[in-house]
>>> print(open('target_8.txt').read())   # compact mmCIF, C-alpha atoms
# COMPACT_ATOMS: atom_id res chain seq x y z
CA MET A 1 115.56 67.27 95.81
CA ALA A 2 115.80 70.08 98.32
CA ALA A 3 117.34 70.35 101.75
CA LEU A 4 118.21 72.72 104.55
CA THR A 5 120.45 71.07 107.09
CA THR A 6 122.12 72.46 110.18
CA VAL A 7 125.24 71.01 111.77
CA ALA A 8 127.21 72.13 114.80
CA ALA A 9 130.29 74.24 114.20
CA THR A 10 133.57 72.41 114.79
CA ASP A 11 135.60 75.03 116.59
CA ARG A 12 138.68 73.81 118.41
CA GLY A 13 139.01 74.07 122.16
CA GLY A 14 138.00 72.28 125.35
CA ALA A 15 134.62 70.69 125.88
CA ASP A 16 133.20 73.75 127.64
CA GLU A 17 134.53 76.05 124.94
CA GLN A 18 133.05 73.88 122.18
CA GLN A 19 129.67 73.74 123.87
CA SER A 20 129.62 77.53 124.19
CA ALA A 21 130.80 78.06 120.61
CA THR A 22 128.32 75.67 119.04
CA ALA A 23 125.50 77.33 120.95
CA GLN A 24 126.45 80.51 119.12
CA GLU A 25 127.58 79.18 115.73
CA GLU A 26 126.38 76.47 113.36
CA GLU A 27 126.82 75.58 109.72
CA GLU A 28 123.72 75.69 107.53
CA VAL A 29 123.62 73.94 104.17
CA VAL A 30 120.99 74.73 101.54
CA THR A 31 120.70 72.45 98.51
CA PHE A 32 118.30 72.69 95.59
CA GLY A 33 118.97 70.70 92.46
CA ALA A 34 122.69 70.74 91.73
CA THR A 35 123.38 73.94 93.70
CA THR A 36 124.60 73.89 97.29
CA VAL A 37 125.51 76.77 99.57
CA ALA A 38 127.05 76.26 103.02
CA VAL A 39 127.14 79.20 105.42
CA ARG A 40 128.19 79.86 108.97
CA ALA A 41 125.23 80.90 111.09
CA ALA A 42 126.24 83.09 114.03
CA TRP A 43 123.65 84.09 116.61
CA GLY A 44 126.16 86.52 118.06
CA VAL A 45 125.47 89.06 115.31
CA GLY A 46 121.73 89.03 116.01
CA ILE A 47 118.61 87.69 114.33
CA GLY A 48 120.12 88.08 110.88
CA GLY A 49 122.85 85.59 111.75
CA LYS A 50 120.58 82.65 110.89
CA THR A 51 118.83 81.48 107.72
CA TRP A 52 115.06 81.86 108.01
CA THR A 53 112.05 80.41 106.21
CA THR A 54 111.66 82.63 103.17
CA GLY A 55 115.40 82.74 102.53
CA VAL A 56 115.22 79.03 101.82
CA LEU A 57 111.99 79.44 99.84
CA ALA A 58 113.65 82.07 97.67
CA CYS A 59 116.53 79.70 96.88
CA ARG A 60 114.09 77.01 95.80
CA HIS A 61 112.03 79.50 93.79
CA VAL A 62 115.04 80.77 91.87
CA ASP A 63 116.19 77.21 91.23
CA ASP A 64 112.74 76.31 89.88
CA HIS A 65 112.58 79.41 87.67
CA ALA A 66 116.26 79.90 86.86
CA ALA A 67 115.74 80.58 83.17
CA ARG A 68 113.23 83.34 83.91
CA TYR A 69 115.55 85.11 86.34
CA ALA A 70 118.60 84.68 84.11
CA ARG A 71 116.75 86.53 81.34
CA LEU A 72 116.53 89.63 83.52
CA GLY A 73 120.16 90.39 82.70
CA VAL A 74 120.62 93.13 80.11
CA ALA A 75 121.58 92.06 76.57
CA GLY A 76 122.40 88.53 77.65
CA ALA A 77 124.70 89.59 80.49
CA PRO A 78 124.41 87.86 83.87
CA PRO A 79 121.75 89.53 86.02
CA ARG A 80 122.85 92.06 88.61
CA VAL A 81 121.26 91.29 91.96
CA LEU A 82 121.01 93.31 95.18
CA ASP A 83 120.42 91.31 98.37
CA LEU A 84 118.88 93.52 101.08
CA GLY A 85 119.33 92.49 104.70
CA ALA A 86 121.37 89.56 103.45
CA GLY A 87 122.06 88.13 106.93
CA THR A 88 124.10 84.97 106.38
CA GLY A 89 124.13 85.68 102.66
CA VAL A 90 122.61 82.30 101.80
CA THR A 91 120.03 83.59 99.31
CA GLY A 92 122.36 85.91 97.42
CA LEU A 93 125.12 83.31 97.36
CA PHE A 94 122.70 80.70 96.04
CA ILE A 95 121.56 83.07 93.30
CA ALA A 96 125.17 83.82 92.38
CA LYS A 97 125.95 80.12 92.00
CA ARG A 98 122.72 79.11 90.29
CA LEU A 99 122.52 81.97 87.78
CA GLY A 100 126.14 83.04 87.50
CA ALA A 101 124.82 86.39 88.68
CA VAL A 102 126.67 89.48 89.85
CA VAL A 103 125.47 89.88 93.45
CA VAL A 104 125.90 92.60 96.04
CA LEU A 105 125.23 91.36 99.57
CA THR A 106 124.18 94.20 101.87
CA ASP A 107 123.28 94.55 105.53
CA ALA A 108 123.94 96.62 108.62
CA ALA A 109 127.52 97.01 109.82
CA ASP A 110 127.39 94.24 112.43
CA HIS A 111 126.58 91.61 109.76
CA LEU A 112 129.29 92.45 107.22
CA GLU A 113 132.03 90.26 108.67
CA LEU A 114 129.74 87.22 108.61
CA LEU A 115 128.78 87.98 105.00
CA ARG A 116 132.42 88.24 103.95
CA THR A 117 133.21 84.97 105.74
CA ASN A 118 130.37 83.15 104.02
CA ALA A 119 131.23 84.57 100.61
CA ALA A 120 134.77 83.23 101.05
CA ARG A 121 133.48 79.84 102.27
CA ASN A 122 131.60 79.50 99.00
CA ASP A 123 134.49 80.66 96.78
CA ALA A 124 132.24 83.44 95.56
CA GLY A 125 134.89 85.32 93.60
CA PRO A 126 134.84 88.94 92.42
CA ASP A 127 131.24 88.83 91.16
CA VAL A 128 129.98 88.72 94.75
CA THR A 129 130.71 91.74 96.91
CA VAL A 130 129.67 92.83 100.40
CA GLU A 131 128.60 96.40 101.10
CA LEU A 132 127.06 98.37 103.93
CA LEU A 133 123.44 99.36 103.40
CA ASP A 134 121.50 100.31 106.52
CA TRP A 135 117.90 101.07 105.54
CA LYS A 136 117.55 103.55 108.42
CA ASP A 137 120.61 105.56 107.38
CA GLU A 138 120.43 107.15 103.91
CA ALA A 139 124.13 108.00 104.18
CA THR A 140 124.79 104.28 103.55
CA TRP A 141 122.57 103.98 100.48
CA ALA A 142 125.40 104.28 97.95
CA PRO A 143 124.83 100.72 96.63
CA LEU A 144 121.42 101.89 95.38
CA ASN A 145 123.17 104.23 92.94
CA GLU A 146 124.18 101.20 90.86
CA PRO A 147 121.77 99.55 88.38
CA PHE A 148 120.27 96.19 89.37
CA ASP A 149 118.05 93.81 87.45
CA PHE A 150 116.40 92.45 90.54
CA VAL A 151 116.43 92.76 94.30
CA VAL A 152 115.91 90.06 96.90
CA ALA A 153 114.85 90.67 100.51
CA THR A 154 113.83 87.68 102.62
CA ASP A 155 112.50 87.67 106.18
CA ALA A 156 113.39 91.35 106.23
CA ALA A 157 110.09 92.93 107.36
CA TYR A 158 110.13 91.11 110.68
CA HIS A 159 109.59 94.16 112.90
CA PRO A 160 107.32 97.21 112.48
CA SER A 161 110.28 99.56 112.94
CA LEU A 162 111.76 98.17 109.70
CA HIS A 163 108.65 98.40 107.54
CA ALA A 164 108.96 102.04 106.44
CA PRO A 165 112.75 101.97 105.90
CA LEU A 166 112.50 98.77 103.84
CA ALA A 167 109.64 100.22 101.78
CA ASP A 168 111.76 103.33 101.16
CA VAL A 169 114.70 101.25 99.93
CA LEU A 170 112.44 99.15 97.70
CA LYS A 171 110.96 102.34 96.25
CA ARG A 172 114.44 103.63 95.45
CA ALA A 173 115.47 100.35 93.83
CA CYS A 174 112.24 99.59 91.97
CA CYS A 175 110.62 102.93 91.17
CA ASP A 176 113.77 104.99 90.66
CA GLY A 177 116.16 102.21 89.62
CA GLY A 178 113.76 100.08 87.59
CA ALA A 179 114.55 96.80 89.34
CA ARG A 180 112.07 94.09 90.23
CA ALA A 181 112.10 92.56 93.71
CA LEU A 182 111.51 89.17 95.27
CA VAL A 183 110.41 89.76 98.87
CA GLY A 184 109.86 87.01 101.41
CA VAL A 185 107.38 87.68 104.23
CA THR A 186 105.87 85.73 107.09
CA LYS A 187 102.38 86.21 108.45
CA SER A 188 103.53 86.36 112.07
CA ASP A 189 105.96 89.23 111.40
CA THR A 190 104.53 91.24 108.52
CA GLY A 191 101.17 92.93 109.01
CA PRO A 192 98.92 94.92 106.66
CA GLU A 193 100.74 98.17 107.41
CA PHE A 194 103.80 97.00 105.46
CA PHE A 195 101.74 96.36 102.35
CA ALA A 196 100.03 99.73 102.73
CA LEU A 197 103.48 101.34 102.83
CA LEU A 198 104.44 99.60 99.59
CA ARG A 199 101.31 100.94 97.91
CA ASP A 200 101.95 104.43 99.29
CA ARG A 201 105.39 104.39 97.65
CA GLY A 202 104.09 103.48 94.22
CA LEU A 203 104.84 99.77 94.43
CA GLU A 204 102.58 96.87 93.58
CA TYR A 205 102.93 93.30 94.75
CA ARG A 206 101.59 89.85 94.01
CA PHE A 207 102.50 86.29 94.87
CA ALA A 208 105.63 85.17 93.05
CA GLU A 209 104.31 81.63 93.45
CA PRO A 210 101.27 80.16 95.21
CA PRO A 211 102.01 79.94 98.97
CA GLU A 212 102.35 76.43 100.35
CA ASP A 213 100.83 77.43 103.69
CA ASP A 214 99.32 80.35 105.59
CA TYR A 215 102.60 81.25 107.25
CA SER A 216 105.04 82.45 104.59
CA ALA A 217 105.00 83.78 101.05
CA LEU A 218 107.23 85.10 98.31
CA LEU A 219 106.07 88.34 96.71
CA ALA A 220 107.00 89.86 93.37
CA VAL A 221 107.31 93.62 93.93
CA GLU A 222 107.76 96.27 91.26
CA ALA A 223 106.84 99.84 90.39
CA ALA A 224 103.12 100.18 89.86
CA PRO A 225 101.96 101.27 86.40
CA GLU A 226 101.80 105.05 86.27
CA PHE A 227 97.99 104.97 85.96
CA PHE A 228 97.78 103.37 89.42
CA ALA A 229 100.78 104.97 91.11
>>> encode(input="target_8.txt", output="structure tokens")
Amino acid sequence: MAALTTVAATDRGGADEQQSATAQEEEEVVTFGATTVAVRAAWGVGIGGKTWTTGVLACRHVDDHAARYARLGVAGAPPRVLDLGAGTGVTGLFIAKRLGAVVVLTDAADHLELLRTNAARNDAGPDVTVELLDWKDEATWAPLNEPFDFVVATDAAYHPSLHAPLADVLKRACCDGGARALVGVTKSDTGPEFFALLRDRGLEYRFAEPPEDDYSALLAVEAAPEFFA
């Protein structure tokens, strides 16, 4: 059984204060199988402060195919996972719980406090860390120097200005670092130019699972074979 539920935050204060706070902050709970993650959603940090469609789809997908993703770890070790544009952190935190994975949650600077809060809310422990990685600023790309078994990026290509920077980061992680990626996209936000950019950077993509509708999809992205690159 699967669920995404949203409940109002329960901040203390007067009625007017509570109404204002709950308009900005809510708790989101994602459950698939025996794994549950509860995160604080905060509109105040921007669009990444909420859990979106393919973030939930990615949680379900990993739950359905947990054995496959667990095997990506080297020599039986837990897989190392990089979450790009992690937002609330729900997908990376779910993966950490479901697979026992080592997860690095990354995003722009204004999302890091929310990520740390949500990691603590889920008792994530030392195997889940939060780091700055701004796709538009290569000076923040230090997390990409570490080896990862797979990368997750959901609802990340939602604006044309992000398409090239995200493709560059995926190239670095997949072509240079050897990782595979699970990328969630929506038809309304992600046009053909993003997929052309992936191809231009030596990446290939396919459906990670058959889409349920014409709106959203999960893609498996990896370095293209050298013959086609």
>>> atom_distance(input="target_8.txt", atom1="CA of Phe32 in chain A", atom2="CA of Arg60 in chain A")
6.0 Å
>>> residues_around(input="target_8.txt", residues="Gly184 in chain A", least_positions_apart="3", cutoff="7 Å", atoms="all atoms listed in the file", output="PyMOL selection string")
chain A and resi 54+153-155+217-219
>>> residues_around(input="target_8.txt", residues="range 185-202 of chain A", least_positions_apart="4", cutoff="8 Å", atoms="only C-alpha atoms", output="list in words")
Thr54, Thr154, Asp155, Ala156, Ala157, Tyr158, His159, Pro160, His163, Ala164, Ala167, Asp168, Lys171, Cys175, Asp214, Tyr215, Ser216, Ala217, Leu218, Leu219, Ala223, Ala224, Phe228 and Ala229 of chain A
>>> closest_residue(input="target_8.txt", among="A:Leu99, A:Ala139, A:Val221, A:Val183", to="Ala58 in chain A", atoms="all atoms listed in the file")
A:Val183
>>> atom_distance(input="target_8.txt", atom1="CA of Leu144 in chain A", atom2="CA of Arg172 in chain A")
7.2 Å
>>> residues_around(input="target_8.txt", residues="Arg71 in chain A", least_positions_apart="4", cutoff="12 Å", atoms="all atoms listed in the file", output="list in words")
His65, Ala66, Ala67, Ala75, Gly76, Ala77, Pro78, Pro79, Arg80, Leu99, Gly100, Ala101, Asp149 and Phe150 of chain A
>>> closest_residue(input="target_8.txt", among="A:Thr31, A:Thr88, A:Thr5, A:Asn145", to="Arg121 in chain A", atoms="all atoms listed in the file")
A:Thr88
>>> atom_distance(input="target_8.txt", atom1="CA of Val45 in chain A", atom2="CA of His111 in chain A")
6.2 Å
>>> closest_residue(input="target_8.txt", among="A:Thr140, A:Thr53, A:Thr36, A:Thr129", to="Lys97 in chain A", atoms="all atoms listed in the file")
A:Thr36
>>> residues_around(input="target_8.txt", residues="Leu115 in chain A", least_positions_apart="3", cutoff="8 Å", atoms="only C-alpha atoms", output="ChimeraX atom specification")
/A:86-89,105,111-112,118-119,130
>>> residues_near_point(input="target_8.txt", point="(105.0, 89.5, 90.9)", cutoff="10 Å", atoms="all atoms listed in the file", output="count of residues only")
15
>>> closest_residue(input="target_8.txt", among="A:Pro211, A:Gly85, A:Gly178, A:Gly33", to="Lys50 in chain A", atoms="all atoms listed in the file")
A:Gly85
>>> decode(input="target_8.txt", residues="range 113-124 of chain A", atoms="all heavy atoms", output="compact mmCIF listing (two decimals), in the first residue's frame")
# COMPACT_ATOMS: atom_id res chain seq x y z
N GLU A 113 19.10 24.09 5.30
CA GLU A 113 18.55 24.02 6.65
C GLU A 113 17.34 23.09 6.69
O GLU A 113 17.20 22.28 7.62
CB GLU A 113 18.15 25.42 7.14
CG GLU A 113 17.60 25.42 8.57
CD GLU A 113 17.23 26.80 9.06
OE1 GLU A 113 17.48 27.79 8.35
OE2 GLU A 113 16.66 26.89 10.18
N LEU A 114 16.47 23.19 5.69
CA LEU A 114 15.31 22.29 5.63
C LEU A 114 15.75 20.84 5.50
O LEU A 114 15.19 19.95 6.14
CB LEU A 114 14.41 22.67 4.46
CG LEU A 114 13.16 21.82 4.25
CD1 LEU A 114 12.22 21.93 5.44
CD2 LEU A 114 12.45 22.22 2.96
N LEU A 115 16.77 20.57 4.68
CA LEU A 115 17.28 19.21 4.54
C LEU A 115 17.82 18.68 5.86
O LEU A 115 17.56 17.52 6.23
CB LEU A 115 18.36 19.16 3.46
CG LEU A 115 17.87 19.25 2.02
CD1 LEU A 115 19.05 19.42 1.07
CD2 LEU A 115 17.07 18.01 1.64
N ARG A 116 18.57 19.49 6.57
CA ARG A 116 19.12 19.05 7.86
C ARG A 116 17.99 18.77 8.85
O ARG A 116 18.03 17.79 9.61
CB ARG A 116 20.09 20.09 8.41
CG ARG A 116 21.36 20.24 7.56
CD ARG A 116 22.37 21.13 8.25
NE ARG A 116 23.55 21.31 7.41
CZ ARG A 116 23.81 22.40 6.69
NH1 ARG A 116 22.98 23.44 6.73
NH2 ARG A 116 24.89 22.47 5.94
N THR A 117 16.98 19.63 8.86
CA THR A 117 15.83 19.44 9.75
C THR A 117 15.14 18.12 9.44
O THR A 117 14.82 17.34 10.36
CB THR A 117 14.84 20.60 9.59
OG1 THR A 117 15.45 21.81 10.02
CG2 THR A 117 13.58 20.36 10.40
N ASN A 118 14.92 17.84 8.16
CA ASN A 118 14.20 16.63 7.80
C ASN A 118 15.03 15.37 8.01
O ASN A 118 14.49 14.31 8.35
CB ASN A 118 13.70 16.73 6.36
CG ASN A 118 12.50 17.65 6.26
OD1 ASN A 118 11.76 17.83 7.22
ND2 ASN A 118 12.31 18.24 5.09
N ALA A 119 16.34 15.47 7.83
CA ALA A 119 17.20 14.34 8.16
C ALA A 119 17.10 14.01 9.65
O ALA A 119 16.97 12.84 10.04
CB ALA A 119 18.63 14.63 7.76
N ALA A 120 17.11 15.03 10.48
CA ALA A 120 17.01 14.82 11.93
C ALA A 120 15.64 14.27 12.30
O ALA A 120 15.52 13.39 13.18
CB ALA A 120 17.27 16.13 12.67
N ARG A 121 14.59 14.74 11.65
CA ARG A 121 13.22 14.27 11.94
C ARG A 121 13.09 12.77 11.67
O ARG A 121 12.26 12.10 12.27
CB ARG A 121 12.20 15.04 11.09
CG ARG A 121 11.94 16.46 11.56
CD ARG A 121 11.15 17.22 10.49
NE ARG A 121 9.82 16.71 10.30
CZ ARG A 121 8.74 17.11 10.98
NH1 ARG A 121 8.88 18.03 11.93
NH2 ARG A 121 7.56 16.62 10.73
N ASN A 122 13.89 12.27 10.75
CA ASN A 122 13.83 10.86 10.39
C ASN A 122 14.95 10.03 11.00
O ASN A 122 15.18 8.90 10.58
CB ASN A 122 13.82 10.72 8.86
CG ASN A 122 12.51 11.16 8.25
OD1 ASN A 122 11.57 10.37 8.17
ND2 ASN A 122 12.43 12.42 7.84
N ASP A 123 15.63 10.61 12.01
CA ASP A 123 16.71 9.90 12.71
C ASP A 123 17.68 9.27 11.71
O ASP A 123 18.05 8.09 11.82
CB ASP A 123 16.12 8.81 13.63
CG ASP A 123 15.22 9.38 14.71
OD1 ASP A 123 15.56 10.44 15.27
OD2 ASP A 123 14.16 8.78 14.97
N ALA A 124 18.10 10.08 10.75
CA ALA A 124 18.87 9.55 9.62
C ALA A 124 20.24 9.00 10.03
O ALA A 124 20.73 8.05 9.42
CB ALA A 124 19.04 10.63 8.55
